[in-house]
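Report on the structure given below.
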Amino acid sequence: MLIEKVVIRKMKMDLKFPFQTSFGTLQERLFLITEIYSGDHVGYGECVVSSNPYYSEETVSTAFSIIKEFLLPLILGKDVQHPDDVNKLFSRIRRNNMAKSAIEGALWDLYAKTQNKSLAEVIGGQKSEITVGVSIGIQETKEDLLNKVEESLKQGFKKIKIKIMPGKDIEYLRSVREKFGDIPVMADANSAYTLDDIELFKEMDDLNLIMIEQPLAHDDIVDHAVLQNAIKTPICLDESIHSVEDARKAIELGSCKIINIKIGRVGGISESIKIHNLCLQNNIPVWCGGMLESGIGRAHNVAITSLSNFTIPGDTAPSTRYWVKDIIKPEITMNEEGHIQVPTTPGMGYEVDLDTLEEFTLETNEFTI
Ligand code: OSB
Ligand code: MG
C-alpha cells in the first residue's frame, strides 16, 4: 500500500448527556479522525484522546503534533505491506499510544479494504455477533443510578458497569444489588483509591461484582497485586496496561484476573491482538473498553471484540447512546438480546457519512507526498 495522502481532522461532537467519572466530567468530545489514502481506497481511524490529560497523558494537541512531526514522516510516501509493520516502524517513539493507534487503525481499515475483506476477518475474528455491556457514569443520587440501571437492563445490555468514586461507591452498588438482584454488574474506579481503602474493597466482596476495574493508581501494578491477594472479586486493569509487556508483568505479579483492552491505550490493533493472545494462554478473559468514541472508533472496537477471548461483554454500546447524529452509516445498532452483528463488508464495515463528518470537523489538515 503506497501511502499517498493523510488527512487529520480535529473533531468536536457534543454528548447527549454529561458523562462523569472519578477524574472529571465530559460534556463534549474533542478528538481526531485520520484518513489514509492509497489508490482507490481510504482507511479511517480515530484518535481517542480528550482535550485534557486526565485519563491519560495524551491530549488532542499532543497527539496532533506527534502524528505530524514523528509518525507521518515514517509512512507518507512509503509502501506499507501490512499494518503489523507499523508497530515496528513506530517503536522508537515512546508511548503516545493514542496517536500511534490513530494511524495504525486507519491502516488496518485501508488494508482490509484492499484485501476486499472485513476488518474482523483480516485480524482473525471468529464471532459473527458480539455481546454488549454499558458504562454508566457517576450519578447525582442513588435513585438516578437505579433509574439508569433499569433503563439499561430494559435496552438489553448484558453487563452493567457503574463508575464509582469515594463517597459514591459501596452504598450505590449495594442499592443496585438490592433492587435488581443477581444482574451482571461491575464497578470502575478510574484510579480513585489507594491501599488505605483495602477494607472498603473487602466489604465489596459481599456484593459479588463481576470485577472491579482499575481501583488503584493509573501507573501501578504492584499495589494492585497486594489488593488482588486480599480480595475475592477479580480486579480488571484498564489505565495500567499499555502494551503486551505490561500485561505479561501484571499477570505474573497477580495484579489482575481480567484485562480491559482499549485499542488507543495500547497503541493499536496489532498490540491489542498480542495482549488478547497472551491473555488467552494465561486464562485471563478480556473485554473491549470504550472511550466514548464516534462510530469510526466504535467500528474498530466491534471488529476486535470478534476475537475469541473477548468473552466478557465490552463497553461497545451503540452509536445512539452518546450521539444524536453519528458520523457513520448505518449507525451501529444493538438488538434486544444485547448483540451487535459484526459487519462482513470490506474494512470496518460502516460507511463514513461525509456530510456529518464535515459538520463536526473543526479543522482539516492534509498531508501529501
Ligand atoms: O475508564 O473505561 C473507562 C470513558 C472515558 C474514559 C475512560 C473510560 C470511559 C468509559 C466509557 O467507561 C465507556 C464507553 O465508551 O461507552
Ligand atoms: Mg476504565
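So you can find residues: chains in the C-alpha cells are A, B, ... in the order shown, residues in each start at 1, and ligands are numbered from 1 in order.
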Protein and nucleic acid residues within 7 Å of ligand 1 (only C-alpha atoms and all ligand atoms) as a ChimeraX atom specification: /A:55,134-135,188,190,238,289-293,315-317
Contacts of ligand 2, 12 Å or closer, only C-alpha atoms and all ligand atoms, given as a ChimeraX atom specification: /A:21-23,55-56,134-137,161-164,186-192,211-216,218,235-241,259-262,265,287-292,314-315
Those residues with N, CA and C atoms, as a CSV table (one decimal), in the first residue's frame please?
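Listed below is the output, again-v3.csv:
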```csv
chain,number,residue,atom,x,y,z
A,21,THR,N,-16.9,10.7,35.5
A,21,THR,CA,-16.0,9.7,36.1
A,21,THR,C,-15.3,10.3,37.3
A,22,SER,N,-14.5,9.4,38.0
A,22,SER,CA,-13.8,9.9,39.1
A,22,SER,C,-12.8,11.0,38.8
A,23,PHE,N,-12.4,11.1,37.4
A,23,PHE,CA,-11.4,12.1,37.1
A,23,PHE,C,-11.9,13.3,36.4
A,55,TYR,N,-7.4,11.3,31.7
A,55,TYR,CA,-7.5,9.8,31.7
A,55,TYR,C,-6.1,9.3,31.4
A,56,SER,N,-5.5,9.9,30.3
A,56,SER,CA,-4.1,9.5,30.0
A,56,SER,C,-3.3,10.8,29.8
A,134,VAL,N,-22.8,-1.9,29.1
A,134,VAL,CA,-22.9,-0.4,29.1
A,134,VAL,C,-22.1,0.2,30.3
A,135,SER,N,-21.6,1.4,30.1
A,135,SER,CA,-20.9,2.1,31.2
A,135,SER,C,-21.8,3.2,31.7
A,136,ILE,N,-22.1,3.2,32.9
A,136,ILE,CA,-23.0,4.3,33.5
A,136,ILE,C,-22.1,5.2,34.3
A,137,GLY,N,-22.1,6.5,34.0
A,137,GLY,CA,-21.3,7.5,34.7
A,137,GLY,C,-21.8,7.7,36.1
A,161,LYS,N,-21.8,-1.6,33.9
A,161,LYS,CA,-20.6,-1.1,34.6
A,161,LYS,C,-21.0,0.2,35.2
A,162,ILE,N,-20.7,0.3,36.5
A,162,ILE,CA,-21.0,1.5,37.3
A,162,ILE,C,-19.7,2.3,37.7
A,163,LYS,N,-19.6,3.5,37.3
A,163,LYS,CA,-18.5,4.3,37.7
A,163,LYS,C,-18.6,4.6,39.2
A,164,ILE,N,-17.5,4.5,39.9
A,164,ILE,CA,-17.5,4.8,41.3
A,164,ILE,C,-16.4,5.8,41.7
A,186,MET,N,-20.6,-4.6,37.5
A,186,MET,CA,-19.2,-4.3,37.9
A,186,MET,C,-19.0,-2.9,38.2
A,187,ALA,N,-17.8,-2.5,38.8
A,187,ALA,CA,-17.6,-1.1,39.1
A,187,ALA,C,-16.3,-0.7,38.4
A,188,ASP,N,-16.2,0.6,38.1
A,188,ASP,CA,-14.9,1.1,37.5
A,188,ASP,C,-14.6,2.4,38.3
A,189,ALA,N,-13.4,2.3,39.0
A,189,ALA,CA,-13.0,3.4,39.9
A,189,ALA,C,-12.1,4.4,39.2
A,190,ASN,N,-11.6,4.1,38.0
A,190,ASN,CA,-10.6,5.0,37.4
A,190,ASN,C,-9.6,5.6,38.3
A,191,SER,N,-9.0,4.7,39.1
A,191,SER,CA,-7.8,5.0,39.9
A,191,SER,C,-8.1,6.0,41.1
A,192,ALA,N,-9.3,5.9,41.6
A,192,ALA,CA,-9.7,6.9,42.7
A,192,ALA,C,-9.3,6.5,44.1
A,211,MET,N,-16.3,-7.8,38.5
A,211,MET,CA,-15.0,-7.3,38.7
A,211,MET,C,-15.0,-5.9,39.2
A,212,ILE,N,-13.8,-5.4,39.7
A,212,ILE,CA,-13.6,-4.0,40.0
A,212,ILE,C,-12.5,-3.5,39.0
A,213,GLU,N,-12.8,-2.5,38.2
A,213,GLU,CA,-11.8,-2.0,37.2
A,213,GLU,C,-11.0,-0.9,37.8
A,214,GLN,N,-9.7,-1.0,37.6
A,214,GLN,CA,-8.7,0.0,38.0
A,214,GLN,C,-9.0,0.7,39.3
A,215,PRO,N,-9.0,0.0,40.4
A,215,PRO,CA,-9.2,0.7,41.7
A,215,PRO,C,-8.1,1.6,42.1
A,216,LEU,N,-6.8,1.2,41.8
A,216,LEU,CA,-5.7,2.0,42.3
A,216,LEU,C,-5.0,2.8,41.2
A,218,HIS,N,-3.1,4.9,38.3
A,218,HIS,CA,-3.1,4.6,36.9
A,218,HIS,C,-1.9,4.0,36.4
A,235,ILE,N,-9.9,-8.3,40.0
A,235,ILE,CA,-9.5,-6.9,39.6
A,235,ILE,C,-9.3,-6.9,38.0
A,236,CYS,N,-9.8,-5.9,37.4
A,236,CYS,CA,-9.5,-5.7,35.9
A,236,CYS,C,-8.7,-4.5,35.8
A,237,LEU,N,-7.6,-4.6,35.0
A,237,LEU,CA,-6.8,-3.4,34.7
A,237,LEU,C,-7.2,-2.7,33.4
A,238,ASP,N,-7.3,-1.4,33.5
A,238,ASP,CA,-7.5,-0.5,32.3
A,238,ASP,C,-6.3,0.4,32.2
A,239,GLU,N,-6.2,1.5,32.9
A,239,GLU,CA,-5.2,2.5,32.7
A,239,GLU,C,-3.8,2.0,32.8
A,240,SER,N,-3.6,0.9,33.6
A,240,SER,CA,-2.2,0.4,33.9
A,240,SER,C,-1.6,-0.4,32.7
A,241,ILE,N,-2.4,-0.8,31.7
A,241,ILE,CA,-1.9,-1.7,30.7
A,241,ILE,C,-1.7,-0.9,29.4
A,259,ILE,N,-8.4,-8.3,31.9
A,259,ILE,CA,-7.9,-7.1,31.3
A,259,ILE,C,-8.9,-6.5,30.3
A,260,ASN,N,-9.0,-5.2,30.5
A,260,ASN,CA,-9.8,-4.3,29.5
A,260,ASN,C,-8.8,-3.9,28.5
A,261,ILE,N,-9.1,-4.2,27.2
A,261,ILE,CA,-8.3,-3.8,26.1
A,261,ILE,C,-8.9,-2.6,25.4
A,262,LYS,N,-8.2,-1.5,25.3
A,262,LYS,CA,-8.6,-0.4,24.5
A,262,LYS,C,-7.6,-0.2,23.5
A,265,ARG,N,-5.3,3.0,23.9
A,265,ARG,CA,-4.4,3.0,25.1
A,265,ARG,C,-3.2,2.1,24.9
A,287,TRP,N,-12.0,-8.0,27.7
A,287,TRP,CA,-13.1,-7.3,27.1
A,287,TRP,C,-12.7,-6.0,26.5
A,288,CYS,N,-13.5,-5.5,25.6
A,288,CYS,CA,-13.1,-4.2,24.9
A,288,CYS,C,-13.7,-3.0,25.7
A,289,GLY,N,-12.8,-2.1,26.1
A,289,GLY,CA,-13.2,-0.9,26.8
A,289,GLY,C,-13.6,0.2,25.7
A,290,GLY,N,-14.2,1.2,26.2
A,290,GLY,CA,-14.6,2.3,25.3
A,290,GLY,C,-14.1,3.6,25.7
A,291,MET,N,-14.0,4.6,24.8
A,291,MET,CA,-13.5,6.0,25.1
A,291,MET,C,-14.5,6.9,24.6
A,292,LEU,N,-15.8,6.6,24.7
A,292,LEU,CA,-16.9,7.4,24.1
A,292,LEU,C,-16.5,7.8,22.7
A,314,GLY,N,-18.3,-6.1,26.3
A,314,GLY,CA,-17.5,-4.9,26.4
A,314,GLY,C,-18.3,-3.6,26.5
A,315,ASP,N,-17.6,-2.5,26.6
A,315,ASP,CA,-18.2,-1.1,26.6
A,315,ASP,C,-18.4,-0.7,25.2
```
Per residue of stretch 94-126 of chain A within 10 Å of stretch 27-40 of chain A, what are the shortest atom pair and its distance in Å to one decimal, counting only C-alpha atoms, with rows by chain and residue number, as JSON lines?
```
{"residue": "A:Ala99", "atom": "CA", "partner": "A:Leu32", "partner_atom": "CA", "distance": 9.1}
{"residue": "A:Ala102", "atom": "CA", "partner": "A:Thr34", "partner_atom": "CA", "distance": 6.3}
{"residue": "A:Ile103", "atom": "CA", "partner": "A:Thr34", "partner_atom": "CA", "distance": 6.6}
{"residue": "A:Glu104", "atom": "CA", "partner": "A:Thr34", "partner_atom": "CA", "distance": 9.7}
{"residue": "A:Gly105", "atom": "CA", "partner": "A:Thr34", "partner_atom": "CA", "distance": 8.8}
{"residue": "A:Ala106", "atom": "CA", "partner": "A:Ile36", "partner_atom": "CA", "distance": 6.2}
{"residue": "A:Leu107", "atom": "CA", "partner": "A:Ile36", "partner_atom": "CA", "distance": 6.8}
{"residue": "A:Asp109", "atom": "CA", "partner": "A:Ile36", "partner_atom": "CA", "distance": 9.1}
{"residue": "A:Leu110", "atom": "CA", "partner": "A:Ile36", "partner_atom": "CA", "distance": 7.2}
{"residue": "A:Tyr111", "atom": "CA", "partner": "A:Ser38", "partner_atom": "CA", "distance": 9.6}
{"residue": "A:Lys113", "atom": "CA", "partner": "A:Asp40", "partner_atom": "CA", "distance": 9.7}
{"residue": "A:Thr114", "atom": "CA", "partner": "A:Asp40", "partner_atom": "CA", "distance": 8.8}
```
Output the selection as a PDB file, in the first residue's frame - N, CA and C atoms for each residue.
```pdb
ATOM      1  N   ALA A  99      -1.955   8.405  19.703  1.00  0.00           N
ATOM      2  CA  ALA A  99      -1.515   8.989  18.433  1.00  0.00           C
ATOM      3  C   ALA A  99      -1.144   7.866  17.460  1.00  0.00           C
ATOM      4  N   ALA A 102      -4.133   5.937  16.094  1.00  0.00           N
ATOM      5  CA  ALA A 102      -4.979   6.640  15.121  1.00  0.00           C
ATOM      6  C   ALA A 102      -4.493   6.370  13.701  1.00  0.00           C
ATOM      7  N   ILE A 103      -3.180   6.247  13.533  1.00  0.00           N
ATOM      8  CA  ILE A 103      -2.599   5.938  12.227  1.00  0.00           C
ATOM      9  C   ILE A 103      -2.736   4.443  11.938  1.00  0.00           C
ATOM     10  N   GLU A 104      -2.368   3.648  12.931  1.00  0.00           N
ATOM     11  CA  GLU A 104      -2.393   2.200  12.739  1.00  0.00           C
ATOM     12  C   GLU A 104      -3.799   1.693  12.432  1.00  0.00           C
ATOM     13  N   GLY A 105      -4.800   2.234  13.129  1.00  0.00           N
ATOM     14  CA  GLY A 105      -6.190   1.805  12.907  1.00  0.00           C
ATOM     15  C   GLY A 105      -6.658   2.125  11.491  1.00  0.00           C
ATOM     16  N   ALA A 106      -6.283   3.318  10.994  1.00  0.00           N
ATOM     17  CA  ALA A 106      -6.669   3.696   9.635  1.00  0.00           C
ATOM     18  C   ALA A 106      -5.986   2.769   8.623  1.00  0.00           C
ATOM     19  N   LEU A 107      -4.732   2.378   8.925  1.00  0.00           N
ATOM     20  CA  LEU A 107      -4.026   1.461   8.025  1.00  0.00           C
ATOM     21  C   LEU A 107      -4.674   0.077   8.007  1.00  0.00           C
ATOM     22  N   ASP A 109      -7.902  -0.499   8.483  1.00  0.00           N
ATOM     23  CA  ASP A 109      -9.132  -0.358   7.689  1.00  0.00           C
ATOM     24  C   ASP A 109      -8.782  -0.347   6.201  1.00  0.00           C
ATOM     25  N   LEU A 110      -7.733   0.420   5.860  1.00  0.00           N
ATOM     26  CA  LEU A 110      -7.265   0.507   4.474  1.00  0.00           C
ATOM     27  C   LEU A 110      -6.826  -0.873   3.971  1.00  0.00           C
ATOM     28  N   TYR A 111      -6.038  -1.558   4.767  1.00  0.00           N
ATOM     29  CA  TYR A 111      -5.536  -2.892   4.397  1.00  0.00           C
ATOM     30  C   TYR A 111      -6.690  -3.861   4.132  1.00  0.00           C
ATOM     31  N   LYS A 113      -9.708  -3.137   3.297  1.00  0.00           N
ATOM     32  CA  LYS A 113     -10.393  -2.730   2.066  1.00  0.00           C
ATOM     33  C   LYS A 113      -9.623  -3.184   0.825  1.00  0.00           C
ATOM     34  N   THR A 114      -8.282  -3.082   0.874  1.00  0.00           N
ATOM     35  CA  THR A 114      -7.503  -3.514  -0.303  1.00  0.00           C
ATOM     36  C   THR A 114      -7.582  -5.040  -0.485  1.00  0.00           C
TER      37      THR A 114
END
```
Test item: residues at most 9 Å from stretch 304-313 of chain A, only C-alpha atoms, excluding those fewer than 6 positions along its chain, as a PyMOL selection string: chain A and resi 119-121+123-134+157-159+263+269+272-273+276-277+279-280+284-288+342
Long-range neighbours of A:Val244 as a PyMOL selection string, 8 Å cut-off, only C-alpha atoms, 6 positions minimum in chain: chain A and resi 271-272+274-275+278
Written file, previous selection with N, CA and C atoms, as a tab-separated table (two decimals), in the first residue's frame:
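result.tsv written:
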```
chain	number	residue	atom	x	y	z
A	271	GLU	N	-1.13	-4.53	18.67
A	271	GLU	CA	-0.77	-4.74	20.09
A	271	GLU	C	-1.98	-5.34	20.84
A	272	SER	N	-3.18	-4.91	20.49
A	272	SER	CA	-4.39	-5.47	21.12
A	272	SER	C	-4.47	-6.97	20.89
A	274	LYS	N	-1.95	-8.98	20.32
A	274	LYS	CA	-0.91	-9.63	21.14
A	274	LYS	C	-1.37	-9.81	22.58
A	275	ILE	N	-2.01	-8.77	23.11
A	275	ILE	CA	-2.48	-8.86	24.51
A	275	ILE	C	-3.59	-9.91	24.61
A	278	LEU	N	-1.91	-13.34	24.54
A	278	LEU	CA	-1.23	-13.65	25.80
A	278	LEU	C	-2.24	-14.00	26.89
```
Interatomic distance, atom CA of A:Asn365 to atom CA of A:Val6 (Å, one decimal):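 Computing the Euclidean distance for atom CA of A:Asn365 and atom CA of A:Val6 yields 8.3 Å.
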Exercise: A:Tyr172 partners within 8 Å, only C-alpha atoms, chain neighbours under 4 positions left out, as an MDAnalysis selection string: chainID A and resid 142 145 168 176
Atom CA of A:Glu171 to atom CA of A:Cys256, straight-line distance in Å: 24.1 Å
Could you name the residues that touch stretch 1-5 of chain A at 7 Å or less, counting only C-alpha atoms, but leaving out those on the same chain fewer than 2 positions away, as a PDB file with C-alpha atoms, in the first residue's frame?
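Here's the written file selection_36.pdb:
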```pdb
ATOM      1  CA  VAL A   7      -5.834  13.771   6.354  1.00  0.00           C
ATOM      2  CA  ILE A  36      -5.199   7.405   4.873  1.00  0.00           C
ATOM      3  CA  TYR A  37      -5.352   7.273   1.063  1.00  0.00           C
ATOM      4  CA  SER A  38      -3.840   4.665  -1.238  1.00  0.00           C
ATOM      5  CA  ILE A  75       4.690   6.328   6.494  1.00  0.00           C
ATOM      6  CA  LEU A  76       3.927   9.094   3.982  1.00  0.00           C
ATOM      7  CA  GLY A  77       5.184   8.126   0.505  1.00  0.00           C
ATOM      8  CA  LYS A  78       6.215   4.708   1.841  1.00  0.00           C
ATOM      9  CA  ASP A  79       4.957   1.333   0.704  1.00  0.00           C
ATOM     10  CA  VAL A  80       3.487  -0.302   3.813  1.00  0.00           C
ATOM     11  CA  GLN A  81       2.972  -4.038   3.257  1.00  0.00           C
ATOM     12  CA  PHE A 367      -0.510  15.885   4.076  1.00  0.00           C
ATOM     13  CA  THR A 368       0.577  14.618   0.658  1.00  0.00           C
ATOM     14  CA  ILE A 369       3.758  13.132  -0.756  1.00  0.00           C
TER      15      ILE A 369
END
```
Alpha helix (DSSP H) positions in stretch 185-351 of chain A, given as a ChimeraX atom specification: /A:198-204,222-230,244-253,263-266,269-281,295-305
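Taking atom CA of A:Val49 and atom CA of A:Asn87 as endpoints, the distance between them is 19.3 Å.
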For A:Glu336: contacts at 9 Å, only C-alpha atoms, fewer than 4 positions along chain excluded, given as a list of chain:residue names: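 My list of contacting residues is A:Lys154, A:Gln155, A:Gly156, A:Phe157.
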Could those residues be written to a file, using C-alpha atoms, as an mmCIF file, in the first residue's frame?
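Result went into again_27.cif, see below:
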```cif
data_model
loop_
_atom_site.group_PDB
_atom_site.id
_atom_site.type_symbol
_atom_site.label_atom_id
_atom_site.label_comp_id
_atom_site.auth_asym_id
_atom_site.auth_seq_id
_atom_site.Cartn_x
_atom_site.Cartn_y
_atom_site.Cartn_z
ATOM 1 C CA LYS A 154 -34.586 -2.898 29.504
ATOM 2 C CA GLN A 155 -32.471 -1.966 26.492
ATOM 3 C CA GLY A 156 -30.829 -5.394 26.697
ATOM 4 C CA PHE A 157 -27.281 -4.603 27.870
#
```
Per-residue DSSP, stretch 132-353 of chain A, filtered to strand (DSSP E or B), as a ChimeraX atom specification: /A:132,134-136,160-163,165,168,185-188,212-213,235-237,258-261,286-288,314,328-329,339-341,347,351-352
Proximity to A:Met204 - best of A:Val222, A:Ile67, A:Ile231, A:Ile183, only C-alpha atoms: A:Ile231
Which of A:Ile328, A:Val149, A:Leu209, A:Val42 sits closest to A:Glu358 [using only C-alpha atoms]: A:Ile328
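Distances to A:Lys232 were evaluated for A:Asp220, A:Glu58, A:Asp206, A:Glu252 using only C-alpha atoms, and the minimum falls at A:Asp206.
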